[in-house]
>>> print(open('target-v9.txt').read())   # compact mmCIF, C-alpha atoms
# COMPACT_ATOMS: atom_id res chain seq x y z
CA MET A 1 -209.17 -23.21 -36.28
CA SER A 2 -206.02 -21.18 -35.77
CA VAL A 3 -203.89 -24.12 -34.59
CA MET A 4 -201.11 -25.16 -36.94
CA TYR A 5 -200.80 -22.26 -39.34
CA THR A 6 -198.29 -19.56 -38.58
CA GLY A 7 -196.77 -16.49 -40.14
CA ALA A 8 -197.81 -15.29 -43.57
CA LEU A 9 -200.41 -17.99 -44.19
CA GLN A 10 -202.17 -17.30 -40.88
CA ASP A 11 -202.04 -13.55 -41.58
CA LEU A 12 -203.76 -14.14 -44.92
CA MET A 13 -206.42 -16.36 -43.29
CA ASP A 14 -207.06 -13.63 -40.70
CA GLU A 15 -207.52 -10.95 -43.39
CA LEU A 16 -209.73 -13.20 -45.53
CA GLY A 17 -211.77 -14.19 -42.47
CA ALA A 18 -212.53 -10.49 -41.86
CA LEU A 19 -214.41 -10.27 -45.19
CA PRO A 20 -218.21 -10.61 -45.11
CA GLY A 21 -219.46 -14.18 -45.48
CA ILE A 22 -216.00 -15.77 -45.19
CA GLY A 23 -215.70 -18.08 -42.17
CA PRO A 24 -212.51 -19.75 -40.91
CA LYS A 25 -212.99 -22.82 -43.16
CA SER A 26 -213.46 -20.71 -46.30
CA ALA A 27 -210.52 -18.51 -45.32
CA GLN A 28 -208.31 -21.60 -45.01
CA ARG A 29 -209.55 -22.99 -48.32
CA ILE A 30 -208.95 -19.71 -50.16
CA ALA A 31 -205.52 -19.14 -48.54
CA LEU A 32 -204.33 -22.61 -49.56
CA HIS A 33 -205.75 -22.05 -53.04
CA ILE A 34 -203.79 -18.77 -53.25
CA LEU A 35 -200.66 -20.63 -52.18
CA GLY A 36 -200.95 -23.04 -55.07
CA ALA A 37 -202.37 -20.57 -57.59
CA ASP A 38 -200.68 -19.15 -60.64
CA PRO A 39 -198.78 -15.99 -59.48
CA GLU A 40 -200.35 -14.05 -62.37
CA SER A 41 -203.89 -14.66 -61.06
CA VAL A 42 -202.91 -13.55 -57.54
CA LYS A 43 -201.36 -10.43 -59.05
CA ARG A 44 -204.62 -9.75 -60.92
CA LEU A 45 -206.55 -10.09 -57.65
CA THR A 46 -204.29 -7.72 -55.68
CA THR A 47 -204.36 -5.23 -58.58
CA ALA A 48 -208.17 -5.41 -58.79
CA LEU A 49 -208.39 -4.74 -55.04
CA THR A 50 -206.05 -1.76 -55.27
CA VAL A 51 -207.69 -0.29 -58.39
CA VAL A 52 -211.18 -0.50 -56.85
CA LYS A 53 -209.99 1.54 -53.86
CA GLU A 54 -208.31 4.05 -56.16
CA LYS A 55 -210.88 4.48 -58.90
CA VAL A 56 -214.37 3.57 -57.76
CA LYS A 57 -216.31 6.24 -55.91
CA PHE A 58 -219.91 7.26 -55.43
CA CYS A 59 -221.99 9.31 -57.88
CA THR A 60 -222.34 12.82 -56.45
CA THR A 61 -225.99 12.92 -57.54
CA CYS A 62 -227.43 9.54 -56.62
CA GLY A 63 -224.77 7.77 -54.53
CA ASN A 64 -224.47 4.78 -56.89
CA VAL A 65 -221.00 3.39 -57.68
CA THR A 66 -219.07 4.99 -60.54
CA GLU A 67 -215.54 5.72 -61.71
CA GLU A 68 -216.55 9.21 -62.83
CA GLU A 69 -218.19 12.20 -61.18
CA HIS A 70 -221.64 10.86 -62.12
CA CYS A 71 -222.85 7.30 -62.65
CA ALA A 72 -223.94 5.85 -65.99
CA ILE A 73 -227.63 5.94 -64.99
CA CYS A 74 -227.60 9.63 -63.99
CA LEU A 75 -225.79 10.47 -67.25
CA ASP A 76 -228.22 8.46 -69.41
CA THR A 77 -230.65 11.01 -70.89
CA ARG A 78 -233.04 8.25 -71.94
CA ARG A 79 -233.87 7.48 -68.30
CA GLU A 80 -237.05 9.13 -67.04
CA GLN A 81 -236.24 12.12 -64.89
CA HIS A 82 -239.60 12.39 -63.13
CA LEU A 83 -239.40 8.92 -61.53
CA LEU A 84 -237.02 8.31 -58.60
CA CYS A 85 -236.41 5.01 -56.82
CA VAL A 86 -234.88 5.23 -53.33
CA VAL A 87 -232.74 2.23 -52.29
CA GLU A 88 -230.44 1.37 -49.40
CA GLU A 89 -227.31 0.23 -51.22
CA ALA A 90 -225.64 0.23 -54.64
CA LYS A 91 -226.25 -3.52 -54.86
CA ASP A 92 -230.00 -2.81 -54.76
CA VAL A 93 -229.57 -0.64 -57.87
CA ALA A 94 -227.88 -3.61 -59.56
CA ALA A 95 -230.71 -5.94 -58.49
CA ILE A 96 -233.44 -3.60 -59.81
CA GLU A 97 -231.54 -2.98 -63.07
CA ARG A 98 -231.47 -6.72 -63.66
CA THR A 99 -235.29 -6.80 -63.65
CA ARG A 100 -235.30 -4.28 -66.55
CA SER A 101 -238.69 -3.09 -65.28
CA PHE A 102 -237.68 0.35 -64.01
CA ARG A 103 -236.62 3.17 -66.35
CA GLY A 104 -236.32 6.05 -63.87
CA ARG A 105 -233.37 7.11 -61.75
CA TYR A 106 -232.12 6.13 -58.31
CA HIS A 107 -231.15 7.59 -55.00
CA VAL A 108 -228.87 5.43 -52.83
CA LEU A 109 -229.23 6.16 -49.10
CA GLY A 110 -226.09 4.29 -48.06
CA GLY A 111 -227.96 2.10 -45.55
CA ALA A 112 -231.12 2.09 -43.45
CA ILE A 113 -232.15 3.64 -40.15
CA ASP A 114 -230.78 1.34 -37.45
CA PRO A 115 -230.57 3.02 -34.02
CA ILE A 116 -228.96 -0.05 -32.38
CA ASN A 117 -225.96 0.36 -34.67
CA GLY A 118 -225.99 4.14 -34.35
CA ILE A 119 -227.39 4.84 -37.83
CA GLY A 120 -229.97 7.61 -37.81
CA PRO A 121 -231.36 9.76 -40.66
CA ASP A 122 -228.29 12.03 -40.50
CA GLN A 123 -225.97 9.14 -41.36
CA LEU A 124 -227.92 8.45 -44.56
CA ARG A 125 -228.11 10.52 -47.77
CA ILE A 126 -231.56 11.88 -46.88
CA ARG A 127 -230.54 15.55 -46.91
CA GLU A 128 -229.20 15.02 -50.47
CA LEU A 129 -232.52 13.36 -51.40
CA MET A 130 -234.57 16.31 -50.12
CA SER A 131 -232.46 18.87 -52.00
CA ARG A 132 -232.68 16.73 -55.14
CA LEU A 133 -236.47 16.75 -54.90
CA ALA A 134 -236.64 20.52 -54.26
CA ASP A 135 -236.61 21.63 -57.92
CA GLY A 136 -239.84 19.81 -58.79
CA THR A 137 -238.41 17.60 -61.59
CA VAL A 138 -239.27 14.38 -59.75
CA LYS A 139 -243.01 13.67 -59.88
CA GLU A 140 -243.05 10.26 -58.19
CA VAL A 141 -240.88 8.53 -55.58
CA ILE A 142 -240.76 4.75 -55.16
CA ILE A 143 -239.30 3.64 -51.83
CA ALA A 144 -237.49 0.34 -52.34
CA THR A 145 -235.77 -0.14 -48.99
CA ASP A 146 -235.49 -3.74 -47.72
CA PRO A 147 -238.69 -5.38 -46.39
CA ASN A 148 -237.18 -5.81 -42.90
CA VAL A 149 -237.38 -3.80 -39.64
CA GLU A 150 -234.70 -1.24 -40.59
CA GLY A 151 -235.98 -0.89 -44.15
CA GLU A 152 -239.59 -0.40 -43.00
CA ALA A 153 -238.50 2.19 -40.42
CA THR A 154 -236.58 4.04 -43.12
CA ALA A 155 -239.56 3.88 -45.51
CA ALA A 156 -241.89 5.25 -42.81
CA TYR A 157 -239.45 8.06 -42.01
CA LEU A 158 -239.05 8.97 -45.71
CA ALA A 159 -242.81 8.85 -46.32
CA ARG A 160 -243.26 11.38 -43.50
CA MET A 161 -240.54 13.66 -44.90
CA LEU A 162 -241.89 13.42 -48.46
CA SER A 163 -245.50 14.10 -47.48
CA THR A 164 -244.45 17.75 -46.88
CA LEU A 165 -243.34 18.00 -50.51
CA GLU A 166 -246.62 16.60 -51.89
CA ILE A 167 -244.84 14.20 -54.25
CA PRO A 168 -246.72 10.90 -54.72
CA THR A 169 -244.73 8.24 -52.88
CA SER A 170 -245.12 4.46 -53.12
CA ARG A 171 -243.53 1.42 -51.50
CA LEU A 172 -242.65 -1.83 -53.31
CA ALA A 173 -245.31 -4.53 -52.82
CA SER A 174 -244.75 -7.21 -50.21
CA GLY A 175 -246.24 -10.64 -50.83
CA LEU A 176 -245.49 -14.18 -51.91
CA PRO A 177 -242.27 -14.65 -53.88
CA VAL A 178 -243.02 -15.75 -57.45
CA GLY A 179 -242.26 -19.44 -57.91
CA GLY A 180 -242.43 -20.00 -54.15
CA ASP A 181 -244.71 -22.31 -52.21
CA LEU A 182 -247.57 -20.83 -50.18
CA GLU A 183 -247.11 -23.31 -47.35
CA TYR A 184 -243.46 -22.28 -46.86
CA ALA A 185 -244.19 -18.52 -46.68
CA ASP A 186 -243.75 -17.02 -43.21
CA GLU A 187 -246.88 -15.63 -41.56
CA VAL A 188 -245.88 -11.97 -41.94
CA THR A 189 -245.33 -12.37 -45.70
CA LEU A 190 -248.58 -14.32 -46.06
CA GLY A 191 -250.43 -11.64 -44.05
CA ARG A 192 -249.01 -8.96 -46.37
CA ALA A 193 -250.06 -11.00 -49.39
CA PHE A 194 -253.65 -10.95 -48.06
CA GLU A 195 -253.58 -7.23 -47.32
CA GLY A 196 -252.20 -6.48 -50.77
CA ARG A 197 -254.54 -8.86 -52.68
CA ARG A 198 -255.65 -7.67 -56.10
CA LEU A 199 -258.85 -8.25 -58.06
CA ILE A 200 -258.38 -10.48 -61.08
CA MET B 1 -225.27 -11.21 -62.33
CA SER B 2 -222.88 -9.20 -64.44
CA VAL B 3 -225.43 -6.56 -65.49
CA MET B 4 -224.84 -3.09 -64.08
CA TYR B 5 -221.29 -3.24 -62.78
CA THR B 6 -218.52 -2.08 -65.03
CA GLY B 7 -214.82 -1.33 -64.94
CA ALA B 8 -212.78 -1.82 -61.80
CA LEU B 9 -215.64 -3.10 -59.64
CA GLN B 10 -216.59 -5.77 -62.18
CA ASP B 11 -212.92 -6.75 -62.56
CA LEU B 12 -212.71 -7.27 -58.79
CA MET B 13 -215.92 -9.33 -58.77
CA ASP B 14 -214.52 -11.51 -61.56
CA GLU B 15 -211.28 -12.12 -59.67
CA LEU B 16 -213.08 -12.83 -56.38
CA GLY B 17 -215.54 -15.11 -58.17
CA ALA B 18 -212.60 -17.22 -59.40
CA LEU B 19 -211.69 -18.15 -55.81
CA PRO B 20 -212.94 -21.49 -54.46
CA GLY B 21 -216.35 -21.31 -52.78
CA ILE B 22 -217.05 -17.72 -53.86
CA GLY B 23 -220.14 -17.41 -56.08
CA PRO B 24 -221.32 -14.27 -57.90
CA LYS B 25 -223.42 -13.07 -54.93
CA SER B 26 -220.52 -13.43 -52.48
CA ALA B 27 -218.16 -11.77 -54.96
CA GLN B 28 -220.54 -8.81 -55.21
CA ARG B 29 -220.92 -8.60 -51.44
CA ILE B 30 -217.17 -8.70 -50.84
CA ALA B 31 -216.39 -6.21 -53.64
CA LEU B 32 -218.89 -3.68 -52.26
CA HIS B 33 -217.49 -4.28 -48.76
CA ILE B 34 -213.98 -3.57 -50.10
CA LEU B 35 -215.27 -0.38 -51.70
CA GLY B 36 -216.50 0.92 -48.36
CA ALA B 37 -213.73 -0.59 -46.23
CA ASP B 38 -210.97 1.24 -44.42
CA PRO B 39 -208.06 1.58 -46.95
CA GLU B 40 -205.67 0.23 -44.29
CA SER B 41 -207.54 -3.08 -44.07
CA VAL B 42 -207.53 -3.47 -47.87
CA LYS B 43 -203.81 -2.74 -47.86
CA ARG B 44 -203.32 -5.44 -45.19
CA LEU B 45 -205.24 -7.91 -47.40
CA THR B 46 -203.24 -7.17 -50.56
CA THR B 47 -199.99 -7.34 -48.56
CA ALA B 48 -201.00 -10.66 -46.99
CA LEU B 49 -201.76 -12.06 -50.47
CA THR B 50 -198.41 -10.89 -51.84
CA VAL B 51 -196.40 -12.08 -48.82
CA VAL B 52 -197.96 -15.56 -48.94
CA LYS B 53 -196.89 -15.94 -52.56
CA GLU B 54 -193.38 -14.69 -51.74
CA LYS B 55 -192.67 -16.46 -48.47
CA VAL B 56 -194.74 -19.59 -48.04
CA LYS B 57 -193.46 -22.72 -49.70
CA PHE B 58 -193.60 -26.47 -49.16
CA CYS B 59 -191.40 -28.44 -46.75
CA THR B 60 -188.82 -30.31 -48.82
CA THR B 61 -189.25 -33.39 -46.60
CA CYS B 62 -192.99 -33.74 -46.07
CA GLY B 63 -194.66 -31.24 -48.43
CA ASN B 64 -196.44 -29.36 -45.61
CA VAL B 65 -196.56 -25.54 -45.76
CA THR B 66 -193.64 -23.63 -44.27
CA GLU B 67 -191.71 -20.40 -44.62
CA GLU B 68 -188.39 -22.25 -44.16
CA GLU B 69 -186.68 -25.17 -45.85
CA HIS B 70 -188.42 -27.59 -43.46
CA CYS B 71 -191.75 -27.33 -41.64
CA ALA B 72 -192.14 -26.99 -37.86
CA ILE B 73 -193.34 -30.60 -37.52
CA CYS B 74 -190.35 -32.11 -39.38
CA LEU B 75 -187.99 -29.95 -37.27
CA ASP B 76 -189.65 -30.91 -33.96
CA THR B 77 -187.42 -33.64 -32.45
CA ARG B 78 -190.15 -34.59 -29.96
CA ARG B 79 -192.33 -35.95 -32.76
CA GLU B 80 -192.10 -39.73 -33.24
CA GLN B 81 -189.95 -40.55 -36.24
CA HIS B 82 -191.17 -44.11 -36.73
CA LEU B 83 -194.81 -43.12 -37.34
CA LEU B 84 -195.80 -41.51 -40.64
CA CYS B 85 -199.24 -40.25 -41.61
CA VAL B 86 -199.90 -39.79 -45.35
CA VAL B 87 -202.44 -37.10 -46.26
CA GLU B 88 -203.65 -35.43 -49.44
CA GLU B 89 -203.25 -31.75 -48.58
CA ALA B 90 -201.63 -29.39 -46.07
CA LYS B 91 -205.09 -28.61 -44.68
CA ASP B 92 -205.42 -32.26 -43.66
CA VAL B 93 -202.25 -31.86 -41.57
CA ALA B 94 -203.91 -28.88 -39.85
CA ALA B 95 -207.10 -30.90 -39.24
CA ILE B 96 -205.20 -33.85 -37.71
CA GLU B 97 -203.02 -31.55 -35.58
CA ARG B 98 -206.17 -30.03 -34.08
CA THR B 99 -207.20 -33.47 -32.78
CA ARG B 100 -203.90 -33.62 -30.80
CA SER B 101 -204.12 -37.40 -31.10
CA PHE B 102 -201.21 -37.98 -33.49
CA ARG B 103 -197.58 -37.45 -32.47
CA GLY B 104 -195.80 -38.77 -35.53
CA ARG B 105 -194.86 -37.01 -38.77
CA TYR B 106 -196.63 -36.40 -42.04
CA HIS B 107 -196.25 -36.85 -45.74
CA VAL B 108 -198.38 -34.57 -47.94
CA LEU B 109 -199.14 -36.05 -51.36
CA GLY B 110 -200.43 -32.83 -52.88
CA GLY B 111 -203.74 -34.38 -53.96
CA ALA B 112 -205.30 -37.74 -54.77
CA ILE B 113 -205.32 -40.02 -57.80
CA ASP B 114 -208.00 -38.62 -60.10
CA PRO B 115 -207.63 -39.86 -63.71
CA ILE B 116 -210.58 -37.76 -64.94
CA ASN B 117 -208.67 -34.62 -64.02
CA GLY B 118 -205.37 -36.02 -65.27
CA ILE B 119 -203.85 -36.69 -61.82
CA GLY B 120 -202.01 -39.99 -61.68
CA PRO B 121 -199.42 -41.28 -59.20
CA ASP B 122 -196.66 -39.34 -60.98
CA GLN B 123 -198.38 -36.01 -60.24
CA LEU B 124 -198.35 -36.78 -56.50
CA ARG B 125 -195.41 -36.87 -54.08
CA ILE B 126 -195.36 -40.68 -54.05
CA ARG B 127 -191.78 -41.02 -55.30
CA GLU B 128 -190.67 -38.76 -52.42
CA LEU B 129 -192.67 -40.95 -50.02
CA MET B 130 -190.97 -44.13 -51.23
CA SER B 131 -187.47 -42.65 -50.91
CA ARG B 132 -188.37 -41.33 -47.45
CA LEU B 133 -189.36 -44.84 -46.36
CA ALA B 134 -186.24 -46.46 -47.87
CA ASP B 135 -183.92 -45.91 -44.86
CA GLY B 136 -186.09 -47.98 -42.48
CA THR B 137 -186.71 -45.23 -39.88
CA VAL B 138 -190.47 -45.35 -40.41
CA LYS B 139 -192.01 -48.45 -38.84
CA GLU B 140 -195.68 -47.71 -39.45
CA VAL B 141 -197.62 -45.82 -42.11
CA ILE B 142 -201.15 -44.49 -41.56
CA ILE B 143 -202.97 -43.63 -44.79
CA ALA B 144 -205.31 -40.70 -44.09
CA THR B 145 -206.49 -39.81 -47.58
CA ASP B 146 -210.11 -38.63 -47.89
CA PRO B 147 -212.87 -41.27 -47.58
CA ASN B 148 -214.10 -40.60 -51.14
CA VAL B 149 -213.50 -42.30 -54.51
CA GLU B 150 -210.19 -40.52 -55.24
CA GLY B 151 -208.92 -40.92 -51.66
CA GLU B 152 -209.79 -44.63 -51.60
CA ALA B 153 -208.11 -45.19 -54.98
CA THR B 154 -204.99 -43.42 -53.68
CA ALA B 155 -205.03 -45.48 -50.47
CA ALA B 156 -205.35 -48.72 -52.46
CA TYR B 157 -202.46 -47.68 -54.74
CA LEU B 158 -200.25 -46.73 -51.78
CA ALA B 159 -201.09 -49.94 -49.90
CA ARG B 160 -199.91 -51.92 -52.94
CA MET B 161 -196.67 -49.90 -53.20
CA LEU B 162 -195.98 -50.16 -49.47
CA SER B 163 -196.60 -53.92 -49.29
CA THR B 164 -193.28 -54.37 -51.13
CA LEU B 165 -191.46 -52.56 -48.27
CA GLU B 166 -193.07 -54.72 -45.55
CA ILE B 167 -193.97 -51.70 -43.42
CA PRO B 168 -197.25 -52.12 -41.48
CA THR B 169 -199.80 -49.86 -43.14
CA SER B 170 -203.22 -48.84 -41.82
CA ARG B 171 -206.13 -46.74 -43.06
CA LEU B 172 -208.20 -44.38 -40.89
CA ALA B 173 -211.48 -45.95 -39.71
CA SER B 174 -214.68 -45.15 -41.58
CA GLY B 175 -217.92 -45.11 -39.60
CA LEU B 176 -220.52 -42.93 -37.96
CA PRO B 177 -219.43 -39.38 -37.15
CA VAL B 178 -219.34 -38.76 -33.39
CA GLY B 179 -222.31 -36.66 -32.30
CA GLY B 180 -224.15 -37.56 -35.49
CA ASP B 181 -227.52 -39.25 -35.87
CA LEU B 182 -227.63 -42.85 -37.09
CA GLU B 183 -230.76 -42.25 -39.17
CA TYR B 184 -229.04 -39.46 -41.13
CA ALA B 185 -225.94 -41.49 -41.98
CA ASP B 186 -225.70 -42.45 -45.65
CA GLU B 187 -225.86 -46.17 -46.42
CA VAL B 188 -222.17 -46.50 -47.37
CA THR B 189 -221.05 -44.94 -44.07
CA LEU B 190 -223.50 -47.09 -42.11
CA GLY B 191 -222.28 -50.18 -43.99
CA ARG B 192 -218.67 -49.29 -43.10
CA ALA B 193 -219.68 -48.79 -39.47
CA PHE B 194 -221.04 -52.36 -39.43
CA GLU B 195 -217.94 -53.81 -41.11
CA GLY B 196 -215.70 -51.99 -38.65
CA ARG B 197 -217.75 -52.77 -35.50
CA ARG B 198 -215.73 -53.35 -32.33
CA LEU B 199 -216.34 -55.53 -29.28
CA ILE B 200 -217.15 -53.55 -26.14
>>> encode(input="target-v9.txt", output="structure tokens")
Amino acid sequence: MSVMYTGALQDLMDELGALPGIGPKSAQRIALHILGADPESVKRLTTALTVVKEKVKFCTTCGNVTEEEHCAICLDTRREQHLLCVVEEAKDVAAIERTRSFRGRYHVLGGAIDPINGIGPDQLRIRELMSRLADGTVKEVIIATDPNVEGEATAAYLARMLSTLEIPTSRLASGLPVGGDLEYADEVTLGRAFEGRRLI
Amino acid sequence: MSVMYTGALQDLMDELGALPGIGPKSAQRIALHILGADPESVKRLTTALTVVKEKVKFCTTCGNVTEEEHCAICLDTRREQHLLCVVEEAKDVAAIERTRSFRGRYHVLGGAIDPINGIGPDQLRIRELMSRLADGTVKEVIIATDPNVEGEATAAYLARMLSTLEIPTSRLASGLPVGGDLEYADEVTLGRAFEGRRLI
């Protein structure tokens, strides 16, 4: 793909291509769009990039994104203090908030246990979680790590840690996606759906 | 998708989401990647964006991208001067260069005739093409606009214009993609492949 472009345009394609989910074709398309775009809109993009790096940080309590010391959810006194949902990333907080079905607070681990990539419990915000739970305010923990190998390993590790504190701990249900087709479900998901079946 | 994010992070997602091919999910993924990325790499990205807008412009002869008055292809004396390939966009020049099967020069129209979006012949670099052909250097024109409605309309318009100059004009072949499967070809492509069949 690199044939033909040189200099500044190739530099831009290289930088864009380093972003997650942007392949060489998308990088080319975006770079040529930038070239023809209104200078004001490019200025807005570069400003937005710079401002995010300057202003946005992580909530010192829960690890969610915020521009202040604490995030809006931790500061919201209407949120239930005794219910804590543990997630891998800030984007999981956003996803759960969109469901509007959880009114407790969050704890963002900053990833999942993944030994192949050198991420163990010490690289995650697990120590912060344990000290947060120490004062007895939280009465229930919901582990909402991803339903994949790393997420399950993290959930199992957390469940073991939390069992010492005697706080009831649950894991999000696995099963068939709502609106999906049974015949297209993979066998692991379908197996979980059987295990987790409920009386009606 | 916009629930939950506020301030600088949402601004960045909005700007990213305005780029071609970037949906809300990708915008979120990239914005959160930027948040956690090495500040040096974000600086390189914003610099690359700014430099492209400052330095890269269009070749005054052919309309291809360049950082100089003329592009590298127009300046290359080894390229055949009598053969001209007309394309819609600079990225089409890059695509044809990668084939290494064309040694002539290019003329970039800057788009295709698309009345619905208000693009007529006057919005394209057709006047520049006609004055370029006026001195008789070019002996053959290859029209390589896209094989879609707008590209075909543009090719038909150009063919009519060029017929007055008596310069032999051809259009790239339509047919089955190499390495493709006949049964997956759409009927228009398969029809074109029949029309354009060649004796072996």
>>> atom_distance(input="target-v9.txt", atom1="atom CA of A:Val52", atom2="atom CA of B:Leu35")
6.6 Å
>>> interface_residues(input="target-v9.txt", of="chain B", to="chain A", cutoff="8 Å", atoms="only C-alpha atoms", output="VMD selection string")
chain B and resid 1 3 to 5 7 to 9 11 to 12 15 to 16 19 to 21 26 28 to 30 32 to 35 39 41 to 46 48 to 53 55 to 57 67 91 94 97 to 98
>>> residues_around(input="target-v9.txt", residues="A:Cys62", least_positions_apart="3", cutoff="9 Å", atoms="all atoms listed in the file", output="VMD selection string")
chain A and resid 58 to 59 65 70 to 71 74 105 to 109 125 128 to 129
>>> residues_around(input="target-v9.txt", residues="A:Gly136", least_positions_apart="2", cutoff="12 Å", atoms="all atoms listed in the file", output="VMD selection string")
chain A and resid 81 to 84 130 to 134 138 to 141 165 to 168
>>> axis_aligned_box(input="target-v9.txt", around="stretch 38-53 of chain A", padding_each_side="5 Å", output="lines of an AutoDock Vina configuration file")
center_x = -205.0
center_y = -8.8
center_z = -58.1
size_x = 22.4
size_y = 30.7
size_z = 18.5
>>> atom_distance(input="target-v9.txt", atom1="atom CA of A:Glu80", atom2="atom CA of A:Thr61")
15.1 Å
>>> atom_distance(input="target-v9.txt", atom1="atom CA of A:Gly120", atom2="atom CA of A:Thr154")
9.2 Å
>>> residues_around(input="target-v9.txt", residues="B:Phe194", least_positions_apart="5", cutoff="12 Å", atoms="all atoms listed in the file", output="MDAnalysis selection string")
chainID B and resid 173:176 182 187:189 199
>>> closest_residue(input="target-v9.txt", among="B:Glu40, B:Leu124, B:Val86, B:Gly110", to="B:Ala155", atoms="all atoms listed in the file")
B:Val86
>>> closest_residue(input="target-v9.txt", among="A:Val149, A:Leu172, A:Cys85, A:Leu162", to="A:Ile113", atoms="all atoms listed in the file")
A:Val149
>>> residues_near_point(input="target-v9.txt", point="(-203.2, -35.9, -60.3)", cutoff="9 Å", atoms="all atoms listed in the file", output="number ranges by chain")
B: 110-124
>>> closest_residue(input="target-v9.txt", among="A:Thr164, A:Arg171, A:Thr60, A:Ile200", to="A:Glu152", atoms="all atoms listed in the file")
A:Arg171
>>> closest_residue(input="target-v9.txt", among="B:Arg127, B:Leu75, B:Ala144, B:Leu190", to="B:Phe102", atoms="all atoms listed in the file")
B:Ala144
>>> build_atoms(input="target-v9.txt", residues="stretch 124-139 of chain A", atoms="N, CA and C atoms", output="JSON list (two decimals), in the frame of the given file")
[["chain", "number", "residue", "atom", "x", "y", "z"],
["A", 124, "LEU", "N", -227.52, 8.89, -43.22],
["A", 124, "LEU", "CA", -227.92, 8.45, -44.56],
["A", 124, "LEU", "C", -228.00, 9.66, -45.49],
["A", 125, "ARG", "N", -228.08, 9.41, -46.81],
["A", 125, "ARG", "CA", -228.11, 10.52, -47.77],
["A", 125, "ARG", "C", -229.54, 11.05, -47.95],
["A", 126, "ILE", "N", -230.17, 11.40, -46.83],
["A", 126, "ILE", "CA", -231.56, 11.88, -46.88],
["A", 126, "ILE", "C", -231.58, 13.39, -47.18],
["A", 127, "ARG", "N", -230.61, 14.12, -46.62],
["A", 127, "ARG", "CA", -230.54, 15.55, -46.91],
["A", 127, "ARG", "C", -230.34, 15.76, -48.42],
["A", 128, "GLU", "N", -229.46, 14.96, -49.03],
["A", 128, "GLU", "CA", -229.20, 15.02, -50.47],
["A", 128, "GLU", "C", -230.48, 14.70, -51.25],
["A", 129, "LEU", "N", -231.26, 13.72, -50.73],
["A", 129, "LEU", "CA", -232.52, 13.36, -51.40],
["A", 129, "LEU", "C", -233.48, 14.55, -51.39],
["A", 130, "MET", "N", -233.63, 15.20, -50.24],
["A", 130, "MET", "CA", -234.57, 16.31, -50.12],
["A", 130, "MET", "C", -234.17, 17.47, -51.05],
["A", 131, "SER", "N", -232.85, 17.74, -51.14],
["A", 131, "SER", "CA", -232.46, 18.87, -52.00],
["A", 131, "SER", "C", -232.60, 18.49, -53.47],
["A", 132, "ARG", "N", -232.47, 17.19, -53.76],
["A", 132, "ARG", "CA", -232.68, 16.73, -55.14],
["A", 132, "ARG", "C", -234.14, 16.88, -55.56],
["A", 133, "LEU", "N", -235.04, 16.68, -54.60],
["A", 133, "LEU", "CA", -236.47, 16.75, -54.90],
["A", 133, "LEU", "C", -236.98, 18.19, -54.94],
["A", 134, "ALA", "N", -236.17, 19.14, -54.44],
["A", 134, "ALA", "CA", -236.64, 20.52, -54.26],
["A", 134, "ALA", "C", -237.01, 21.23, -55.57],
["A", 135, "ASP", "N", -236.35, 20.88, -56.68],
["A", 135, "ASP", "CA", -236.61, 21.63, -57.92],
["A", 135, "ASP", "C", -237.85, 21.18, -58.68],
["A", 136, "GLY", "N", -238.57, 20.19, -58.18],
["A", 136, "GLY", "CA", -239.84, 19.81, -58.79],
["A", 136, "GLY", "C", -239.76, 18.90, -60.00],
["A", 137, "THR", "N", -238.54, 18.49, -60.42],
["A", 137, "THR", "CA", -238.41, 17.60, -61.59],
["A", 137, "THR", "C", -239.03, 16.24, -61.30],
["A", 138, "VAL", "N", -238.76, 15.70, -60.10],
["A", 138, "VAL", "CA", -239.27, 14.38, -59.75],
["A", 138, "VAL", "C", -240.74, 14.47, -59.39],
["A", 139, "LYS", "N", -241.56, 13.64, -60.09],
["A", 139, "LYS", "CA", -243.01, 13.67, -59.88],
["A", 139, "LYS", "C", -243.50, 12.46, -59.09]]
